[in-house]
>>> print(open('protein-v2.csv').read())   # CSV, C-alpha atoms and all ligand atoms
chain,number,residue,atom,x,y,z
Q,1,MET,CA,122.4,113.7,68.9
Q,2,ALA,CA,124.8,111.2,67.4
Q,3,ALA,CA,126.3,110.5,70.9
Q,4,LEU,CA,122.8,110.2,72.4
Q,5,ALA,CA,121.7,107.9,69.6
Q,6,ARG,CA,123.8,105.1,71.0
Q,7,LEU,CA,121.9,105.1,74.3
Q,8,LYS,CA,119.0,102.8,75.1
Q,9,VAL,CA,116.0,103.6,77.3
Q,10,PRO,CA,116.1,101.2,80.3
Q,11,GLY,CA,113.9,98.4,79.4
Q,12,GLY,CA,113.1,99.9,76.0
Q,13,ARG,CA,114.5,100.9,72.6
Q,14,ASP,CA,116.8,103.6,71.4
Q,15,LEU,CA,116.6,106.9,73.2
Q,16,VAL,CA,116.5,108.9,70.0
Q,17,SER,CA,114.3,106.7,67.9
Q,18,GLU,CA,111.7,106.6,70.7
Q,19,GLY,CA,111.5,110.3,70.3
Q,20,ARG,CA,112.4,111.0,73.9
Q,21,VAL,CA,114.9,113.8,73.3
Q,22,GLN,CA,114.9,116.9,71.1
Q,23,PRO,CA,118.2,118.2,69.7
Q,24,PRO,CA,119.9,120.0,72.6
Q,25,ARG,CA,120.6,123.7,72.5
Q,26,ILE,CA,124.2,124.5,73.3
Q,27,LYS,CA,125.3,127.9,74.6
Q,28,ASP,CA,128.5,128.8,76.4
Q,29,GLY,CA,129.5,125.1,76.7
Q,30,ILE,CA,126.2,124.2,78.4
Q,31,ALA,CA,123.9,121.8,76.5
Q,32,SER,CA,120.2,122.1,77.5
Q,33,LEU,CA,118.1,119.1,76.8
Q,34,ILE,CA,114.5,118.2,77.2
Q,35,LEU,CA,113.9,114.5,78.0
Q,36,ASP,CA,110.6,112.8,77.9
Q,37,VAL,CA,110.5,110.3,80.8
Q,38,THR,CA,106.8,109.2,80.5
Q,39,GLY,CA,106.3,105.8,82.0
Q,40,LEU,CA,109.8,105.5,83.5
Q,41,THR,CA,110.4,104.8,87.1
Q,42,ALA,CA,112.6,107.1,89.2
Q,43,GLU,CA,115.4,104.6,89.0
Q,44,MET,CA,115.2,104.3,85.2
Q,45,ARG,CA,115.1,108.1,85.0
Q,46,ALA,CA,118.3,108.4,87.2
Q,47,THR,CA,120.1,105.7,85.1
Q,48,LEU,CA,119.2,107.5,81.9
Q,49,GLU,CA,120.3,110.8,83.2
Q,50,ARG,CA,123.7,109.3,84.3
Q,51,GLN,CA,124.1,107.8,80.8
Q,52,ILE,CA,123.3,111.0,79.0
Q,53,ARG,CA,125.8,113.0,81.2
Q,54,ALA,CA,128.5,110.4,80.5
Q,55,ALA,CA,127.8,110.4,76.8
Q,56,ALA,CA,127.6,114.2,76.3
Q,57,ILE,CA,129.9,115.9,78.8
Q,58,GLY,CA,133.4,116.2,77.2
Q,59,LEU,CA,132.2,116.3,73.6
Q,60,PRO,CA,133.7,119.2,71.8
Q,61,GLY,CA,132.0,122.4,73.0
Q,62,VAL,CA,130.1,120.7,75.8
Q,63,SER,CA,131.3,121.2,79.4
Q,64,ASP,CA,128.0,120.7,81.2
Q,65,ILE,CA,124.5,119.6,80.5
Q,66,ARG,CA,121.2,120.6,81.9
Q,67,ILE,CA,118.4,118.0,81.6
Q,68,ALA,CA,114.8,119.0,82.0
Q,69,MET,CA,112.5,116.0,82.4
Q,70,THR,CA,108.9,116.0,81.2
Q,71,ALA,CA,106.3,113.3,81.5
Q,72,ASP,CA,102.8,112.9,80.3
Q,73,LYS,CA,100.6,112.0,83.3
Q,74,VAL,CA,99.7,108.4,83.0
Q,75,SER,CA,96.0,108.3,83.3
Q,76,ARG,CA,95.2,105.8,86.0
Q,77,THR,CA,91.9,104.1,86.7
Q,78,ILE,CA,91.5,103.7,90.4
Q,79,ILE,CA,89.3,100.8,91.5
Q,80,ALA,CA,88.5,100.6,95.2
Q,81,VAL,CA,87.8,97.3,96.8
Q,82,GLY,CA,85.7,97.5,99.9
Q,83,SER,CA,83.4,95.5,102.2
Q,84,GLY,CA,80.8,96.2,104.7
Q,85,LYS,CA,82.5,94.2,107.4
Q,86,GLY,CA,85.8,92.7,108.2
Q,87,GLY,CA,87.0,89.2,107.5
Q,88,VAL,CA,84.9,88.5,104.4
Q,89,GLY,CA,88.0,88.0,102.2
Q,90,LYS,CA,88.2,91.5,100.7
Q,91,SER,CA,92.1,91.6,100.7
Q,92,THR,CA,92.2,88.1,99.2
Q,93,VAL,CA,89.9,89.1,96.4
Q,94,ALA,CA,91.7,92.4,95.9
Q,95,ALA,CA,95.1,90.7,95.6
Q,96,ASN,CA,93.9,88.0,93.3
Q,97,LEU,CA,92.0,90.5,91.1
Q,98,ALA,CA,95.1,92.6,90.7
Q,99,ILE,CA,97.1,89.5,89.6
Q,100,ALA,CA,94.4,88.3,87.3
Q,101,LEU,CA,94.3,91.8,85.7
Q,102,ALA,CA,98.1,91.8,85.3
Q,103,ARG,CA,97.9,88.3,83.7
Q,104,ALA,CA,95.4,89.7,81.2
Q,105,GLY,CA,98.1,92.1,80.1
Q,106,HIS,CA,97.4,95.2,82.1
Q,107,LYS,CA,99.9,97.3,84.2
Q,108,VAL,CA,98.5,97.0,87.7
Q,109,GLY,CA,99.3,98.6,91.0
Q,110,LEU,CA,97.9,97.4,94.3
Q,111,VAL,CA,97.5,99.8,97.3
Q,112,ASP,CA,96.9,98.2,100.7
Q,113,ALA,CA,95.1,101.0,102.5
Q,114,ASP,CA,93.6,98.7,105.2
Q,115,ILE,CA,95.0,100.3,108.4
Q,116,TYR,CA,93.1,97.9,110.6
Q,117,GLY,CA,94.8,94.8,109.1
Q,118,PRO,CA,97.3,95.4,106.3
Q,119,SER,CA,97.6,92.0,104.9
Q,120,GLN,CA,98.8,92.4,101.3
Q,121,PRO,CA,102.5,91.8,102.1
Q,122,ARG,CA,101.5,88.4,103.5
Q,123,ILE,CA,99.0,87.5,100.7
Q,124,MET,CA,101.4,88.7,98.0
Q,125,GLY,CA,104.4,87.0,99.6
Q,126,ASN,CA,106.5,90.2,99.7
Q,127,ASP,CA,107.3,92.0,102.9
Q,128,GLU,CA,110.3,94.0,101.6
Q,129,ARG,CA,110.6,97.5,102.8
Q,130,PRO,CA,110.0,99.9,99.9
Q,131,GLU,CA,112.7,102.4,99.1
Q,132,LEU,CA,112.4,106.1,98.8
Q,133,ALA,CA,113.6,108.1,95.7
Q,134,ASP,CA,113.0,111.9,95.5
Q,135,LYS,CA,110.7,111.6,98.5
Q,136,GLN,CA,108.5,109.2,96.6
Q,137,ILE,CA,108.0,105.6,97.8
Q,138,ILE,CA,108.9,103.0,95.2
Q,139,PRO,CA,106.5,100.1,95.1
Q,140,VAL,CA,107.8,96.6,95.5
Q,141,GLU,CA,106.7,94.0,93.0
Q,142,ALA,CA,105.0,90.6,93.3
Q,143,TYR,CA,103.4,88.4,90.6
Q,144,GLY,CA,103.7,91.1,88.0
Q,145,VAL,CA,101.9,93.6,90.3
Q,146,LYS,CA,103.4,96.7,91.8
Q,147,MET,CA,102.4,97.0,95.5
Q,148,LEU,CA,102.5,99.3,98.4
Q,149,SER,CA,101.0,98.6,101.8
Q,150,ILE,CA,100.5,100.7,104.9
Q,151,GLY,CA,101.9,97.7,106.7
Q,152,GLN,CA,105.3,98.4,105.0
Q,153,LEU,CA,105.4,101.9,106.5
Q,154,VAL,CA,104.3,101.3,110.1
Q,155,ASP,CA,103.0,98.4,112.1
Q,156,ALA,CA,99.3,98.0,112.1
Q,157,GLY,CA,99.0,98.6,115.9
Q,158,THR,CA,100.4,102.2,115.4
Q,159,ALA,CA,98.1,103.0,112.5
Q,160,LEU,CA,95.1,101.9,114.4
Q,161,ALA,CA,95.4,104.9,116.8
Q,162,TRP,CA,95.7,107.4,113.9
Q,163,ARG,CA,93.3,110.3,113.5
Q,164,GLY,CA,91.9,111.5,110.2
Q,165,PRO,CA,94.7,113.8,109.0
Q,166,MET,CA,97.4,111.1,109.6
Q,167,VAL,CA,95.3,108.5,107.9
Q,168,ALA,CA,94.9,110.9,104.9
Q,169,SER,CA,98.6,111.6,104.8
Q,170,ALA,CA,99.5,107.9,104.9
Q,171,LEU,CA,97.1,107.2,102.1
Q,172,GLY,CA,98.6,110.1,100.1
Q,173,GLN,CA,102.1,108.6,100.4
Q,174,LEU,CA,100.9,105.3,99.1
Q,175,MET,CA,98.8,106.8,96.3
Q,176,GLU,CA,101.5,109.2,95.2
Q,177,GLY,CA,104.3,106.6,95.2
Q,178,ASP,CA,106.3,106.1,92.0
Q,179,TRP,CA,103.8,103.9,90.2
Q,180,GLY,CA,105.5,104.3,86.8
Q,181,ASP,CA,103.3,103.0,84.0
Q,182,ALA,CA,100.6,101.4,86.2
Q,183,GLU,CA,97.2,102.1,84.5
Q,184,LEU,CA,94.9,100.2,86.9
Q,185,MET,CA,95.2,100.8,90.6
Q,186,ILE,CA,93.4,98.4,92.9
Q,187,VAL,CA,93.0,100.0,96.4
Q,188,ASP,CA,92.3,97.5,99.2
Q,189,LEU,CA,90.2,99.6,101.7
Q,190,PRO,CA,89.6,98.9,105.3
Q,191,PRO,CA,86.2,97.4,106.0
Q,192,GLY,CA,83.2,99.7,106.5
Q,193,THR,CA,83.1,103.4,105.8
Q,194,GLY,CA,85.6,105.7,107.5
Q,195,ASP,CA,88.4,108.2,107.0
Q,196,ILE,CA,90.3,106.3,104.4
Q,197,GLN,CA,87.2,105.8,102.2
Q,198,MET,CA,86.4,109.5,102.5
Q,199,SER,CA,90.0,110.6,101.7
Q,200,LEU,CA,90.2,108.3,98.7
Q,201,VAL,CA,87.0,109.6,97.2
Q,202,GLN,CA,87.7,113.2,97.9
Q,203,LYS,CA,91.3,113.3,96.8
Q,204,TYR,CA,91.8,110.6,94.2
Q,205,ALA,CA,88.4,110.2,92.5
Q,206,PRO,CA,88.2,106.5,92.0
Q,207,ALA,CA,86.5,105.3,88.8
Q,208,GLY,CA,84.4,103.0,90.9
Q,209,ALA,CA,84.3,100.4,93.7
Q,210,VAL,CA,84.0,96.6,94.0
Q,211,ILE,CA,82.2,95.3,97.1
Q,212,VAL,CA,83.1,91.9,98.5
Q,213,SER,CA,80.6,90.1,100.7
Q,214,THR,CA,80.0,86.6,102.0
Q,215,PRO,CA,76.5,85.2,101.4
Q,216,GLN,CA,75.3,85.6,105.0
Q,217,ASP,CA,72.5,88.0,105.6
Q,218,LEU,CA,74.5,90.0,108.2
Q,219,ALA,CA,77.4,90.5,105.8
Q,220,LEU,CA,75.1,91.5,103.0
Q,221,ILE,CA,73.3,94.0,105.2
Q,222,ASP,CA,76.7,95.6,105.9
Q,223,ALA,CA,77.6,95.4,102.2
Q,224,THR,CA,74.4,97.2,101.3
Q,225,ARG,CA,75.4,100.0,103.7
Q,226,ALA,CA,78.9,100.3,102.0
Q,227,ILE,CA,77.3,100.4,98.6
Q,228,ASP,CA,74.9,103.1,99.8
Q,229,LEU,CA,77.7,105.2,101.0
Q,230,PHE,CA,79.7,104.9,97.8
Q,231,ARG,CA,76.6,105.9,95.9
Q,232,LYS,CA,76.0,108.9,98.1
Q,233,MET,CA,79.5,110.0,97.5
Q,234,ASN,CA,78.8,109.6,93.8
Q,235,VAL,CA,81.2,106.7,93.3
Q,236,ARG,CA,80.0,104.2,90.8
Q,237,VAL,CA,79.7,100.6,92.1
Q,238,PHE,CA,81.3,98.2,89.5
Q,239,GLY,CA,79.7,95.2,91.2
Q,240,LEU,CA,79.5,92.7,94.0
Q,241,VAL,CA,81.8,89.7,94.5
Q,242,GLU,CA,80.5,86.9,96.6
Q,243,ASN,CA,83.3,85.2,98.5
Q,244,MET,CA,83.3,82.0,100.6
Q,245,ALA,CA,80.3,80.7,98.7
Q,246,GLY,CA,79.8,76.9,98.6
Q,247,TYR,CA,82.3,74.7,100.4
Q,248,ALA,CA,83.5,71.7,98.3
Q,249,CYS,CA,84.5,68.9,100.7
Q,250,PRO,CA,88.1,68.0,99.7
Q,251,HIS,CA,87.3,64.3,100.5
Q,252,CYS,CA,84.0,63.5,98.9
Q,253,GLY,CA,83.5,66.6,96.7
Q,254,GLU,CA,80.1,67.3,98.0
Q,255,VAL,CA,79.3,71.1,98.0
Q,256,SER,CA,77.7,72.5,101.1
Q,257,ASP,CA,76.8,76.2,101.8
Q,258,PRO,CA,78.0,77.1,105.3
Q,259,PHE,CA,77.1,80.8,104.8
Q,260,GLY,CA,74.0,80.2,102.6
Q,261,ALA,CA,73.8,80.3,98.8
Q,262,GLY,CA,73.0,82.9,96.2
Q,263,GLY,CA,72.4,85.7,98.7
Q,264,ALA,CA,74.9,88.1,97.1
Q,265,GLU,CA,73.6,87.6,93.6
Q,266,ALA,CA,70.1,88.2,94.8
Q,267,ALA,CA,71.2,91.3,96.8
Q,268,ALA,CA,73.0,92.7,93.7
Q,269,LYS,CA,69.8,92.3,91.7
Q,270,VAL,CA,67.8,94.1,94.4
Q,271,MET,CA,70.4,96.9,94.6
Q,272,ASP,CA,70.6,97.0,90.8
Q,273,ILE,CA,74.4,96.5,90.6
Q,274,PRO,CA,76.3,94.0,88.5
Q,275,PHE,CA,77.1,90.6,90.1
Q,276,LEU,CA,80.8,90.0,89.2
Q,277,GLY,CA,81.1,86.4,90.4
Q,278,ARG,CA,81.4,83.9,93.1
Q,279,VAL,CA,84.6,82.6,94.8
Q,280,PRO,CA,84.2,79.3,96.7
Q,281,LEU,CA,85.3,78.7,100.2
Q,282,THR,CA,88.2,76.3,99.8
Q,283,LEU,CA,91.0,75.1,102.0
Q,284,SER,CA,93.5,75.8,99.2
Q,285,ILE,CA,92.5,79.5,98.9
Q,286,ARG,CA,93.0,79.9,102.6
Q,287,ARG,CA,96.3,78.1,102.6
Q,288,SER,CA,97.7,79.8,99.5
Q,289,SER,CA,96.6,83.2,100.6
Q,290,ASP,CA,98.2,82.8,104.0
Q,291,ALA,CA,101.4,81.3,102.4
Q,292,GLY,CA,101.9,84.3,99.9
Q,293,THR,CA,101.1,82.2,96.8
Q,294,PRO,CA,97.8,83.7,95.6
Q,295,PRO,CA,95.8,81.2,93.5
Q,296,ALA,CA,95.3,83.7,90.7
Q,297,ALA,CA,99.0,83.4,89.9
Q,298,GLY,CA,98.8,79.7,89.5
Q,299,GLU,CA,97.0,77.4,87.0
Q,300,GLY,CA,93.7,75.6,87.4
Q,301,GLU,CA,90.1,76.2,88.5
Q,302,GLU,CA,90.7,78.9,91.1
Q,303,ALA,CA,92.9,81.0,88.7
Q,304,GLU,CA,90.2,80.8,86.2
Q,305,ILE,CA,87.6,82.0,88.7
Q,306,PHE,CA,89.6,85.1,89.4
Q,307,ALA,CA,90.4,85.6,85.7
Q,308,ALA,CA,86.6,85.5,84.9
Q,309,ILE,CA,85.8,88.0,87.7
Q,310,ALA,CA,88.6,90.3,86.4
Q,311,ALA,CA,87.2,90.1,82.9
Q,312,ARG,CA,83.7,91.1,84.1
Q,313,LEU,CA,85.1,93.9,86.1
Q,314,LEU,CA,87.0,95.3,83.1
Q,315,ASP,CA,83.8,95.1,81.1
Q,316,GLU,CA,82.1,97.3,83.7
Q,317,VAL,CA,85.1,99.7,83.9
Q,318,ASN,CA,85.0,100.1,80.2
Q,319,ARG,CA,81.3,100.6,80.0
Q,320,LYS,CA,80.4,104.2,79.8
Q,321,ARG,CA,78.5,105.5,82.8
Q,322,MET,CA,74.8,105.6,81.9
G,1,LIG,N1,87.4,82.0,99.4
G,1,LIG,C1,88.1,81.7,100.5
G,1,LIG,N2,88.2,80.4,100.9
G,1,LIG,C2,88.9,80.1,102.0
G,1,LIG,N3,89.5,81.0,102.8
G,1,LIG,C3,89.4,82.3,102.4
G,1,LIG,C4,88.7,82.7,101.3
G,1,LIG,N4,88.8,84.1,101.2
G,1,LIG,C5,89.5,84.5,102.2
G,1,LIG,N5,89.9,83.5,103.0
G,1,LIG,C6,90.6,83.5,104.3
G,1,LIG,O1,89.9,84.3,105.2
G,1,LIG,C7,90.7,85.1,106.0
G,1,LIG,C8,90.3,86.6,105.9
G,1,LIG,O2,90.5,87.0,104.5
G,1,LIG,P1,91.0,88.4,104.2
G,1,LIG,O3,92.2,88.9,105.0
G,1,LIG,O4,91.2,88.5,102.7
G,1,LIG,O5,89.7,89.2,104.6
G,1,LIG,P2,89.4,90.8,104.7
G,1,LIG,O6,88.0,91.0,104.5
G,1,LIG,O7,90.4,91.6,103.9
G,1,LIG,O8,89.7,91.0,106.2
G,1,LIG,P3,90.1,92.3,107.0
G,1,LIG,O9,88.8,92.8,107.5
G,1,LIG,O10,90.9,91.8,108.1
G,1,LIG,O11,90.8,93.2,106.1
G,1,LIG,C9,92.1,84.8,105.5
G,1,LIG,O12,92.7,83.8,106.3
G,1,LIG,C10,91.9,84.3,104.1
G,1,LIG,O13,93.0,83.4,103.7
>>> encode(input="protein-v2.csv", output="structure tokens")
Amino acid sequence: MAALARLKVPGGRDLVSEGRVQPPRIKDGIASLILDVTGLTAEMRATLERQIRAAAIGLPGVSDIRIAMTADKVSRTIIAVGSGKGGVGKSTVAANLAIALARAGHKVGLVDADIYGPSQPRIMGNDERPELADKQIIPVEAYGVKMLSIGQLVDAGTALAWRGPMVASALGQLMEGDWGDAELMIVDLPPGTGDIQMSLVQKYAPAGAVIVSTPQDLALIDATRAIDLFRKMNVRVFGLVENMAGYACPHCGEVSDPFGAGGAEAAAKVMDIPFLGRVPLTLSIRRSSDAGTPPAAGEGEEAEIFAAIAARLLDEVNRKRM
């Protein structure tokens, strides 16, 4: 224990004072040790294991060491982000919500499960290939958010032709990646209601869903259908986000409503679900999303809009189901 007391948990405090090891049992020169690796990534676990071996093997009476790792399962709150139809800005909202939640002090994971158009690597500005450790994919990181995208595993064209079981297995690889201490998981779903939605609900029991819609009637009709489906599958709908609402002219500042106004808020009322907020249609959101510098990570009005929506979402998540 004295030799182990000199070791630090990667990114943390002393191994022994954190209570991560119990005194080892030593028999026939073999030390058996139980190590609590709760919240540590595969890489941190491997580093710690190496350090323990280096510190202990060779001590008087210790010729080998067996380390059994245990971990409390981190309880994760899965929040699905869906939309009735494509192109309404669901991925943009999912990415910026994830960043806003991380900025509010939460450990956040972002899963891009949109097989029809995996766009998180572009929006989050990170298209690194994730690595594998112990058959688990290790998420990459951007703006304080851990992220995995179906686009990092295969190209979108391939995934499009997949049938149900392959879709489910790809979703499984993403969801069961090495998410470490992530407590909130934002899952960017494909638009509409298909295999990925079904698999997510059946296998991973999301705490609830956020629906993104533009204010047009057509988009709202599709959003209503998505909300209906989640409800039928017994998934709580945390609320509706209206995206691309009100266009502020960058020259004169006048606000116009190319897609109508207030439609989503009214629709939320009719459907009796919370309205989480409104994101304006701006050139800067389009540019920053496409350039991999999401506005929620910056300063100013747009960052505040996403922070406010994230705060409302958290209120809903924390509210007990009635
Ligand atoms: N509030 C906004 N203001 C301006 N442009 C936006 C806004 N929201 C999204 N966009 C832009 O609209 C396009 C579509 O957005 P995004 O990819 O997020 O939509 P999606 O609903 O996820 O689409 P898909 O169906 O392809 O998954 C992108 O070019 C994005 O930058």
>>> closest_atom_pairs(input="protein-v2.csv", of="chain Q", to="ligand LIG 1 (chain G)", cutoff="8 Å", atoms="all atoms listed in the file", output="Markdown table")
| residue | atom | partner | partner_atom | distance |
| --- | --- | --- | --- | --- |
| Q:Ser83 | CA | G:LIG1 | O6 | 6.8 |
| Q:Lys85 | CA | G:LIG1 | O9 | 6.5 |
| Q:Gly86 | CA | G:LIG1 | O9 | 3.1 |
| Q:Gly87 | CA | G:LIG1 | O8 | 3.5 |
| Q:Val88 | CA | G:LIG1 | O6 | 4.0 |
| Q:Gly89 | CA | G:LIG1 | O5 | 3.2 |
| Q:Lys90 | CA | G:LIG1 | O6 | 3.8 |
| Q:Ser91 | CA | G:LIG1 | O7 | 3.6 |
| Q:Thr92 | CA | G:LIG1 | O4 | 3.7 |
| Q:Val93 | CA | G:LIG1 | O4 | 6.5 |
| Q:Ala94 | CA | G:LIG1 | O4 | 7.9 |
| Q:Asp114 | CA | G:LIG1 | O11 | 6.2 |
| Q:Tyr116 | CA | G:LIG1 | O11 | 6.9 |
| Q:Gly117 | CA | G:LIG1 | O10 | 5.0 |
| Q:Pro118 | CA | G:LIG1 | O11 | 6.9 |
| Q:Ser119 | CA | G:LIG1 | O3 | 6.2 |
| Q:Ile123 | CA | G:LIG1 | O13 | 7.9 |
| Q:Asp188 | CA | G:LIG1 | O7 | 7.8 |
| Q:Leu189 | CA | G:LIG1 | O11 | 7.8 |
| Q:Pro190 | CA | G:LIG1 | O11 | 5.9 |
| Q:Pro191 | CA | G:LIG1 | O9 | 5.5 |
| Q:Val212 | CA | G:LIG1 | O6 | 7.8 |
| Q:Asn243 | CA | G:LIG1 | N1 | 5.3 |
| Q:Met244 | CA | G:LIG1 | N1 | 4.3 |
| Q:Ala245 | CA | G:LIG1 | N1 | 7.3 |
| Q:Val279 | CA | G:LIG1 | N1 | 5.4 |
| Q:Pro280 | CA | G:LIG1 | N1 | 5.0 |
| Q:Leu281 | CA | G:LIG1 | N2 | 3.4 |
| Q:Thr282 | CA | G:LIG1 | N2 | 4.2 |
| Q:Leu283 | CA | G:LIG1 | C2 | 5.4 |
| Q:Ser284 | CA | G:LIG1 | C2 | 6.9 |
| Q:Ile285 | CA | G:LIG1 | C2 | 4.8 |
| Q:Arg286 | CA | G:LIG1 | O13 | 3.7 |
| Q:Arg287 | CA | G:LIG1 | O13 | 6.3 |
| Q:Ser288 | CA | G:LIG1 | O13 | 7.3 |
| Q:Ser289 | CA | G:LIG1 | O13 | 4.8 |
| Q:Asp290 | CA | G:LIG1 | O13 | 5.2 |
>>> residues_near_point(input="protein-v2.csv", point="(116.5, 108.7, 80.8)", cutoff="10 Å", atoms="only C-alpha atoms", output="PyMOL selection string")
chain Q and resi 7-10+15+20-21+35-38+40-52+67+69
>>> write_last_selection(input="protein-v2.csv", atoms="C-alpha atoms", output="compact mmCIF listing (two decimals), in the coordinates of the input")
# COMPACT_ATOMS: atom_id res chain seq x y z
CA LEU Q 7 121.90 105.10 74.30
CA LYS Q 8 119.00 102.80 75.10
CA VAL Q 9 116.00 103.60 77.30
CA PRO Q 10 116.10 101.20 80.30
CA LEU Q 15 116.60 106.90 73.20
CA ARG Q 20 112.40 111.00 73.90
CA VAL Q 21 114.90 113.80 73.30
CA LEU Q 35 113.90 114.50 78.00
CA ASP Q 36 110.60 112.80 77.90
CA VAL Q 37 110.50 110.30 80.80
CA THR Q 38 106.80 109.20 80.50
CA LEU Q 40 109.80 105.50 83.50
CA THR Q 41 110.40 104.80 87.10
CA ALA Q 42 112.60 107.10 89.20
CA GLU Q 43 115.40 104.60 89.00
CA MET Q 44 115.20 104.30 85.20
CA ARG Q 45 115.10 108.10 85.00
CA ALA Q 46 118.30 108.40 87.20
CA THR Q 47 120.10 105.70 85.10
CA LEU Q 48 119.20 107.50 81.90
CA GLU Q 49 120.30 110.80 83.20
CA ARG Q 50 123.70 109.30 84.30
CA GLN Q 51 124.10 107.80 80.80
CA ILE Q 52 123.30 111.00 79.00
CA ILE Q 67 118.40 118.00 81.60
CA MET Q 69 112.50 116.00 82.40
>>> atom_distance(input="protein-v2.csv", atom1="CA of Asp217 in chain Q", atom2="CA of Asp315 in chain Q")
27.9 Å
>>> residues_near_point(input="protein-v2.csv", point="(74.8, 85.1, 95.6)", cutoff="10 Å", atoms="all atoms listed in the file", output="PyMOL selection string")
chain Q and resi 213-216+220+240-243+245+260-269+275+277-278
>>> atom_distance(input="protein-v2.csv", atom1="CA of Ile57 in chain Q", atom2="CA of Gly12 in chain Q")
23.4 Å
>>> closest_residue(input="protein-v2.csv", among="Q:Thr293, Q:Ser149, Q:Thr224, Q:Thr193", to="Glu128 in chain Q", atoms="all atoms listed in the file")
Q:Ser149
>>> atom_distance(input="protein-v2.csv", atom1="CA of Glu176 in chain Q", atom2="CA of Lys135 in chain Q")
10.1 Å
>>> build_atoms(input="protein-v2.csv", residues="range 110-124 of chain Q", atoms="N, CA and C atoms", output="short mmCIF file (atom, residue, chain, number, x, y, z; two decimals), keeping the file's coordinate frame")
data_model
loop_
_atom_site.label_atom_id
_atom_site.label_comp_id
_atom_site.auth_asym_id
_atom_site.auth_seq_id
_atom_site.Cartn_x
_atom_site.Cartn_y
_atom_site.Cartn_z
N LEU Q 110 98.79 97.81 93.22
CA LEU Q 110 97.90 97.40 94.30
C LEU Q 110 98.29 98.21 95.56
N VAL Q 111 97.31 98.96 96.08
CA VAL Q 111 97.50 99.80 97.30
C VAL Q 111 96.79 99.12 98.44
N ASP Q 112 97.51 98.78 99.48
CA ASP Q 112 96.90 98.20 100.70
C ASP Q 112 96.66 99.34 101.66
N ALA Q 113 95.42 99.85 101.69
CA ALA Q 113 95.10 101.00 102.50
C ALA Q 113 94.33 100.56 103.77
N ASP Q 114 94.39 99.27 104.08
CA ASP Q 114 93.60 98.70 105.20
C ASP Q 114 94.41 98.92 106.51
N ILE Q 115 94.18 100.06 107.18
CA ILE Q 115 95.00 100.30 108.40
C ILE Q 115 94.65 99.38 109.52
N TYR Q 116 93.49 98.76 109.46
CA TYR Q 116 93.10 97.90 110.60
C TYR Q 116 93.74 96.48 110.42
N GLY Q 117 94.16 96.14 109.23
CA GLY Q 117 94.80 94.80 109.10
C GLY Q 117 95.46 94.74 107.73
N PRO Q 118 96.59 95.48 107.58
CA PRO Q 118 97.30 95.40 106.30
C PRO Q 118 97.79 94.04 106.00
N SER Q 119 97.20 93.37 105.04
CA SER Q 119 97.60 92.00 104.90
C SER Q 119 98.18 91.68 103.49
N GLN Q 120 98.32 92.70 102.63
CA GLN Q 120 98.80 92.40 101.30
C GLN Q 120 100.29 91.88 101.30
N PRO Q 121 101.19 92.39 102.16
CA PRO Q 121 102.50 91.80 102.10
C PRO Q 121 102.50 90.29 102.36
N ARG Q 122 101.61 89.84 103.24
CA ARG Q 122 101.50 88.40 103.50
C ARG Q 122 100.87 87.67 102.30
N ILE Q 123 99.74 88.21 101.82
CA ILE Q 123 99.00 87.50 100.70
C ILE Q 123 99.88 87.50 99.46
N MET Q 124 100.57 88.61 99.19
CA MET Q 124 101.40 88.70 98.00
C MET Q 124 102.78 88.12 98.16
#
